[in-house]
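Listing of structure-v1.cif, mmCIF, C-alpha atoms
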```
data_target
#
loop_
_atom_site.label_atom_id
_atom_site.label_comp_id
_atom_site.auth_asym_id
_atom_site.auth_seq_id
_atom_site.Cartn_x
_atom_site.Cartn_y
_atom_site.Cartn_z
CA MET A 7 52.75 1.96 64.64
CA ARG A 8 49.29 2.90 65.87
CA HIS A 9 48.43 6.55 66.26
CA SER A 10 46.02 7.90 68.80
CA LEU A 11 43.32 10.36 67.84
CA TRP A 12 44.72 12.54 70.64
CA SER A 13 48.01 12.86 68.73
CA LEU A 14 46.31 14.38 65.68
CA PRO A 15 46.99 18.05 66.60
CA LEU A 16 50.66 17.28 67.27
CA ARG A 17 50.98 15.31 64.02
CA LEU A 18 49.33 18.13 62.07
CA LEU A 19 51.66 20.68 63.66
CA SER A 20 54.65 18.46 62.89
CA PHE A 21 53.61 18.14 59.24
CA THR A 22 53.08 21.89 58.96
CA GLY A 23 56.58 22.56 60.31
CA TRP A 24 58.13 19.97 57.98
CA PHE A 25 56.30 21.38 54.96
CA PHE A 26 57.33 24.94 55.81
CA GLY A 27 60.96 23.76 55.91
CA GLN A 28 60.57 22.09 52.51
CA PHE A 29 59.00 25.27 51.14
CA VAL A 30 62.02 27.32 52.30
CA VAL A 31 64.49 24.82 50.79
CA THR A 32 62.74 24.72 47.42
CA SER A 33 62.41 28.51 47.39
CA ALA A 34 66.17 28.76 47.90
CA ARG A 35 66.80 26.28 45.05
CA VAL A 36 64.60 28.23 42.65
CA SER A 37 66.19 31.54 43.74
CA ALA A 38 69.68 30.09 43.16
CA LEU A 39 68.59 28.94 39.70
CA ILE A 40 67.36 32.43 38.84
CA MET A 41 70.43 34.21 40.25
CA THR A 42 73.07 31.93 38.68
CA PRO A 43 73.86 32.88 35.09
CA GLY A 44 73.85 29.98 32.66
CA ARG A 45 72.24 27.53 35.05
CA GLN A 46 69.27 25.73 33.53
CA PRO A 47 66.52 23.68 35.19
CA GLN A 48 66.22 20.02 34.26
CA PRO A 49 62.44 19.59 34.30
CA GLY A 50 60.38 16.46 34.01
CA ILE A 51 56.89 15.08 34.51
CA VAL A 52 55.98 12.00 36.55
CA ARG A 53 52.80 10.02 37.09
CA MET A 54 51.80 9.39 40.70
CA SER A 55 49.09 7.03 41.93
CA ILE A 56 46.42 8.55 44.18
CA ASP A 57 44.19 5.51 44.90
CA GLU A 58 44.03 5.73 48.66
CA LEU A 59 43.21 9.44 48.93
CA SER A 60 39.83 10.90 49.80
CA GLU A 61 38.68 13.91 47.77
CA GLY A 62 39.67 16.29 50.58
CA GLU A 63 43.12 14.71 50.98
CA LEU A 64 43.65 14.83 47.21
CA THR A 65 42.68 18.50 47.09
CA LEU A 66 45.06 19.32 49.93
CA LEU A 67 47.93 17.35 48.36
CA ILE A 68 47.41 19.07 44.99
CA ALA A 69 47.39 22.48 46.68
CA LEU A 70 50.58 21.73 48.65
CA ILE A 71 52.43 20.42 45.59
CA THR A 72 51.31 23.37 43.48
CA ILE A 73 52.30 26.08 45.99
CA THR A 74 55.77 24.58 46.33
CA PRO A 75 58.02 26.73 44.09
CA ASP A 76 59.54 23.95 41.95
CA THR A 77 56.51 21.71 41.37
CA LEU A 78 53.13 21.91 39.68
CA VAL A 79 50.29 19.41 39.34
CA ILE A 80 49.44 19.60 35.65
CA ALA A 81 46.69 16.97 35.41
CA VAL A 82 44.57 14.72 37.58
CA ASP A 83 42.96 11.63 36.07
CA ARG A 84 40.26 10.63 38.55
CA GLY A 85 39.27 7.62 36.45
CA GLU A 86 42.78 6.18 36.57
CA ARG A 87 43.32 7.59 40.10
CA ALA A 88 46.58 9.26 39.07
CA MET A 89 48.06 12.72 38.87
CA PHE A 90 50.84 14.12 36.73
CA VAL A 91 53.35 16.42 38.38
CA HIS A 92 55.92 18.70 36.73
CA GLY A 93 59.15 19.35 38.60
CA MET A 94 61.94 21.80 37.77
CA PHE A 95 64.76 19.63 39.14
CA VAL A 96 63.88 16.11 38.00
CA ALA A 97 67.15 15.79 36.02
CA GLY A 98 66.22 12.44 34.47
CA ASN A 99 65.58 10.90 37.90
CA GLY A 100 61.82 10.39 37.75
CA ASP A 101 61.92 7.71 40.43
CA GLY A 102 63.68 10.04 42.88
CA PHE A 103 61.21 12.82 42.17
CA ARG A 104 58.28 10.41 42.54
CA ALA A 105 59.74 9.19 45.87
CA ALA A 106 59.94 12.79 47.13
CA LEU A 107 56.30 13.35 46.15
CA ARG A 108 55.33 10.08 47.85
CA ASP A 109 57.15 11.24 51.00
CA THR A 110 55.05 14.43 51.00
CA HIS A 111 51.95 12.30 50.42
CA ASP A 112 52.74 9.94 53.32
CA ARG A 113 53.66 12.76 55.71
CA LEU A 114 50.44 14.58 54.82
CA LEU A 115 48.34 11.49 55.58
CA ARG A 116 50.15 10.93 58.89
CA GLY A 117 49.41 14.57 59.71
CA VAL A 118 45.73 14.77 58.77
CA ARG A 119 44.26 11.29 59.15
CA ALA A 120 42.82 10.19 62.44
CA ARG A 121 44.17 6.68 61.70
CA PRO A 122 47.10 7.12 59.27
CA GLU A 123 48.19 3.49 59.58
CA VAL A 124 45.31 2.59 57.27
CA LEU A 125 47.43 3.12 54.14
CA ARG A 126 47.11 0.51 51.43
CA ALA A 127 50.16 -0.99 49.79
CA ARG A 128 50.84 0.80 46.56
CA ARG A 129 52.99 0.46 43.49
CA GLU A 130 54.07 3.18 41.12
CA PRO A 131 54.46 2.50 37.41
CA ALA A 132 57.98 2.72 36.03
#
```
Is it possible to give me this structure as structure tokens?
Amino acid sequence: MRHSLWSLPLRLLSFTGWFFGQFVVTSARVSALIMTPGRQPQPGIVRMSIDELSEGELTLLIALITITPDTLVIAVDRGERAMFVHGMFVAGNGDGFRAALRDTHDRLLRGVRARPEVLRARREPA
């Protein structure tokens, strides 16, 4: 699907609304964890490829992941073009967590790139 430069403001607004919704959902999950006695997080760390990101896009993605209540970027390896992300609710499902991060990544690029269809094929390590 080709995107017009004219659709950029609408795509950016759409991404902002989606991200705000995700922020509310994750805030509720963390609040429920805190308020429920005996409930424990099931944290984990995943590696995520960042090859196709510009420096500005990478900075924005790191900021968005880090301000989300249940995630934190703990390291960025610019040489290997990868980042390592900690999540509170990974529960042994690193692939699912990585897919959720990739969804945020893809939505961000559709929201901020003038031509978001210029995404390279990518593979994540197991």
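Applied to this file, the PyMOL selection byres ((chain A and resi 51) around 10) selects Pro49, Gly50, Val52, Arg53, Met54, Thr77, Leu78, Val79, Ile80, Phe90, Val91, His92, Gly93, Met94, Val96, Gly98, Gly100, Phe103 and Arg104 of chain A.
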What would the file look like if the residues just selected were written as a compact mmCIF listing (two decimals), in the frame of the given file with C-alpha atoms?
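Okay, this is what ended up in part_39.txt:
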```
# COMPACT_ATOMS: atom_id res chain seq x y z
CA PRO A 49 62.44 19.59 34.30
CA GLY A 50 60.38 16.46 34.01
CA VAL A 52 55.98 12.00 36.55
CA ARG A 53 52.80 10.02 37.09
CA MET A 54 51.80 9.39 40.70
CA THR A 77 56.51 21.71 41.37
CA LEU A 78 53.13 21.91 39.68
CA VAL A 79 50.29 19.41 39.34
CA ILE A 80 49.44 19.60 35.65
CA PHE A 90 50.84 14.12 36.73
CA VAL A 91 53.35 16.42 38.38
CA HIS A 92 55.92 18.70 36.73
CA GLY A 93 59.15 19.35 38.60
CA MET A 94 61.94 21.80 37.77
CA VAL A 96 63.88 16.11 38.00
CA GLY A 98 66.22 12.44 34.47
CA GLY A 100 61.82 10.39 37.75
CA PHE A 103 61.21 12.82 42.17
CA ARG A 104 58.28 10.41 42.54
```
- Near A:Thr110, within 9 Å and counting only C-alpha atoms, which residues show up once chain neighbours fewer than 4 positions away are dropped, as JSON, numbers by chain? {"A": [25, 67, 70, 71, 105, 106, 114, 115]}
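Straight-line separation from atom CA of A:Arg87 to atom CA of A:Thr65: 13.0 Å.
Picture a line from atom CA of A:Glu61 to atom CA of A:His111; it runs 13.6 Å.
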- Note on the structure: As a check of understanding: the span from atom CA of A:Pro75 to atom CA of A:Met89 is 18.0 Å
- Quick one: apply the PyMOL selection byres ((chain A and resi 117) around 8) to the file and drop the selected residues here as a ChimeraX atom specification. /A:14,17-21,113-116,118-119,122
- Item | Surrounding residues of stretch 27-38 of chain A excluding itself and chain neighbours under 3 positions, 9 Å, only C-alpha atoms, as a list of chain:residue names | A:Thr22, A:Gly23, A:Trp24, A:Met41, A:Thr42, A:Arg45, A:Pro47, A:Ile73, A:Thr74, A:Pro75, A:Asp76, A:Met94
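Look at A:Glu86: the protein and nucleic acid residues within 9 Å of it, using all atoms listed in the file and passing over chain neighbours fewer than 3 places away, are Ser55, Ile56, Asp57, Val82, Asp83 and Met89 of chain A.
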Box centre and edge lengths (Å, one decimal), axis-aligned, stretch 81-97 of chain A plus 8 Å each side, as JSON:
```
{"center_x": 53.2, "center_y": 14.0, "center_z": 37.8, "size_x": 43.9, "size_y": 31.6, "size_z": 20.7}
```
